[in-house]
Amino acid sequence: MPAMTAEKKALNYLKAFEAEGRVVKRVVIEGKRIELELETEPENLSEFDKVDMRYGKAGAS
(Lines give C-alpha, C1' and ligand atoms only; values in the text may rest on other atoms or scores of the structure.)
Protein backbone atom coordinates (compact mmCIF):
# COMPACT_ATOMS: atom_id res chain seq x y z
CA MET A 1 0.00 0.00 0.00
CA PRO A 2 1.57 3.33 -1.01
CA ALA A 3 2.24 5.96 1.64
CA MET A 4 -0.41 8.64 2.00
CA THR A 5 0.80 12.12 1.08
CA ALA A 6 0.51 15.03 3.50
CA GLU A 7 -2.04 16.63 1.17
CA LYS A 8 -4.30 13.57 1.31
CA LYS A 9 -3.97 13.35 5.09
CA ALA A 10 -4.87 17.04 5.39
CA LEU A 11 -7.90 16.51 3.18
CA ASN A 12 -9.02 13.60 5.37
CA TYR A 13 -8.62 15.76 8.51
CA LEU A 14 -10.53 18.58 6.82
CA LYS A 15 -13.40 16.27 5.90
CA ALA A 16 -13.51 14.82 9.45
CA PHE A 17 -13.66 18.24 11.13
CA GLU A 18 -16.31 19.51 8.72
CA ALA A 19 -18.36 16.34 9.26
CA GLU A 20 -18.37 17.20 12.98
CA GLY A 21 -19.72 20.66 12.17
CA ARG A 22 -16.46 22.54 12.72
CA VAL A 23 -15.41 25.32 10.33
CA VAL A 24 -11.81 25.13 9.10
CA LYS A 25 -10.42 28.57 8.29
CA ARG A 26 -6.99 27.60 7.03
CA VAL A 27 -4.85 24.56 6.23
CA VAL A 28 -1.04 24.79 6.23
CA ILE A 29 1.17 21.96 4.99
CA GLU A 30 4.93 22.22 5.51
CA GLY A 31 6.67 18.98 4.66
CA LYS A 32 5.06 16.37 6.91
CA ARG A 33 3.58 18.96 9.29
CA ILE A 34 -0.13 19.68 8.90
CA GLU A 35 -1.78 22.63 10.64
CA LEU A 36 -5.52 23.27 10.65
CA GLU A 37 -6.88 26.55 11.97
CA LEU A 38 -10.46 26.22 13.17
CA GLU A 39 -13.06 28.97 13.36
CA THR A 40 -13.82 29.71 16.98
CA GLU A 41 -17.21 30.95 18.02
CA PRO A 42 -17.45 33.60 20.72
CA GLU A 43 -18.72 32.16 23.95
CA ASN A 44 -22.28 33.16 24.66
CA LEU A 45 -22.45 32.36 28.34
CA SER A 46 -25.38 33.32 30.48
CA GLU A 47 -25.10 33.91 34.21
CA PHE A 48 -26.40 30.36 34.81
CA ASP A 49 -23.92 28.48 32.59
CA LYS A 50 -21.28 28.25 35.33
CA VAL A 51 -23.71 27.21 38.07
CA ASP A 52 -23.79 23.56 39.09
CA MET A 53 -27.47 22.63 38.73
CA ARG A 54 -27.20 18.96 39.78
CA TYR A 55 -29.81 17.98 42.37
CA GLY A 56 -28.54 16.85 45.78
CA LYS A 57 -24.86 17.66 45.21
CA ALA A 58 -24.57 21.10 46.81
CA GLY A 59 -23.23 21.05 50.36
CA ALA A 60 -23.65 17.31 50.87
CA SER A 61 -21.02 15.81 53.18
# chains A, B, ... in the order shown; residues from 1 in each chain; ligands from 1
>>> residues_around(residues="stretch 21-37 of chain A", least_positions_apart="3", cutoff="10 Å", atoms="only C-alpha atoms", output="list in words")
Thr5, Ala6, Glu7, Lys9, Ala10, Leu11, Tyr13, Leu14, Lys15, Ala16, Phe17, Glu18, Thr40 and Glu41 of chain A
>>> select_by_dssp(residues="stretch 6-46 of chain A", states="helix (DSSP H, G or I)", output="PDB file with N, CA and C atoms, in the first residue's frame")
ATOM      1  N   ALA A   6       0.965  14.067   2.506  1.00  0.00           N
ATOM      2  CA  ALA A   6       0.505  15.034   3.500  1.00  0.00           C
ATOM      3  C   ALA A   6      -0.759  15.736   3.017  1.00  0.00           C
ATOM      4  N   GLU A   7      -0.855  15.973   1.714  1.00  0.00           N
ATOM      5  CA  GLU A   7      -2.038  16.630   1.171  1.00  0.00           C
ATOM      6  C   GLU A   7      -3.286  15.762   1.357  1.00  0.00           C
ATOM      7  N   LYS A   8      -3.150  14.466   1.133  1.00  0.00           N
ATOM      8  CA  LYS A   8      -4.296  13.568   1.306  1.00  0.00           C
ATOM      9  C   LYS A   8      -4.682  13.439   2.772  1.00  0.00           C
ATOM     10  N   LYS A   9      -3.676  13.395   3.654  1.00  0.00           N
ATOM     11  CA  LYS A   9      -3.966  13.352   5.087  1.00  0.00           C
ATOM     12  C   LYS A   9      -4.695  14.616   5.518  1.00  0.00           C
ATOM     13  N   ALA A  10      -4.229  15.772   5.040  1.00  0.00           N
ATOM     14  CA  ALA A  10      -4.867  17.044   5.389  1.00  0.00           C
ATOM     15  C   ALA A  10      -6.304  17.074   4.896  1.00  0.00           C
ATOM     16  N   LEU A  11      -6.539  16.556   3.720  1.00  0.00           N
ATOM     17  CA  LEU A  11      -7.896  16.511   3.176  1.00  0.00           C
ATOM     18  C   LEU A  11      -8.790  15.613   4.029  1.00  0.00           C
ATOM     19  N   ASN A  12      -8.254  14.484   4.494  1.00  0.00           N
ATOM     20  CA  ASN A  12      -9.021  13.595   5.374  1.00  0.00           C
ATOM     21  C   ASN A  12      -9.351  14.288   6.694  1.00  0.00           C
ATOM     22  N   TYR A  13      -8.372  15.007   7.273  1.00  0.00           N
ATOM     23  CA  TYR A  13      -8.620  15.758   8.511  1.00  0.00           C
ATOM     24  C   TYR A  13      -9.681  16.828   8.283  1.00  0.00           C
ATOM     25  N   LEU A  14      -9.573  17.530   7.165  1.00  0.00           N
ATOM     26  CA  LEU A  14     -10.529  18.579   6.825  1.00  0.00           C
ATOM     27  C   LEU A  14     -11.945  18.013   6.737  1.00  0.00           C
ATOM     28  N   LYS A  15     -12.092  16.899   6.042  1.00  0.00           N
ATOM     29  CA  LYS A  15     -13.404  16.265   5.903  1.00  0.00           C
ATOM     30  C   LYS A  15     -13.949  15.821   7.262  1.00  0.00           C
ATOM     31  N   ALA A  16     -13.071  15.291   8.131  1.00  0.00           N
ATOM     32  CA  ALA A  16     -13.512  14.820   9.450  1.00  0.00           C
ATOM     33  C   ALA A  16     -13.992  15.979  10.313  1.00  0.00           C
ATOM     34  N   PHE A  17     -13.247  17.081  10.331  1.00  0.00           N
ATOM     35  CA  PHE A  17     -13.663  18.237  11.128  1.00  0.00           C
ATOM     36  C   PHE A  17     -14.958  18.834  10.604  1.00  0.00           C
ATOM     37  N   GLU A  18     -15.086  18.941   9.285  1.00  0.00           N
ATOM     38  CA  GLU A  18     -16.309  19.506   8.720  1.00  0.00           C
ATOM     39  C   GLU A  18     -17.506  18.580   8.933  1.00  0.00           C
ATOM     40  N   ALA A  19     -17.278  17.279   8.969  1.00  0.00           N
ATOM     41  CA  ALA A  19     -18.364  16.341   9.257  1.00  0.00           C
ATOM     42  C   ALA A  19     -18.866  16.501  10.687  1.00  0.00           C
TER      43      ALA A  19
END
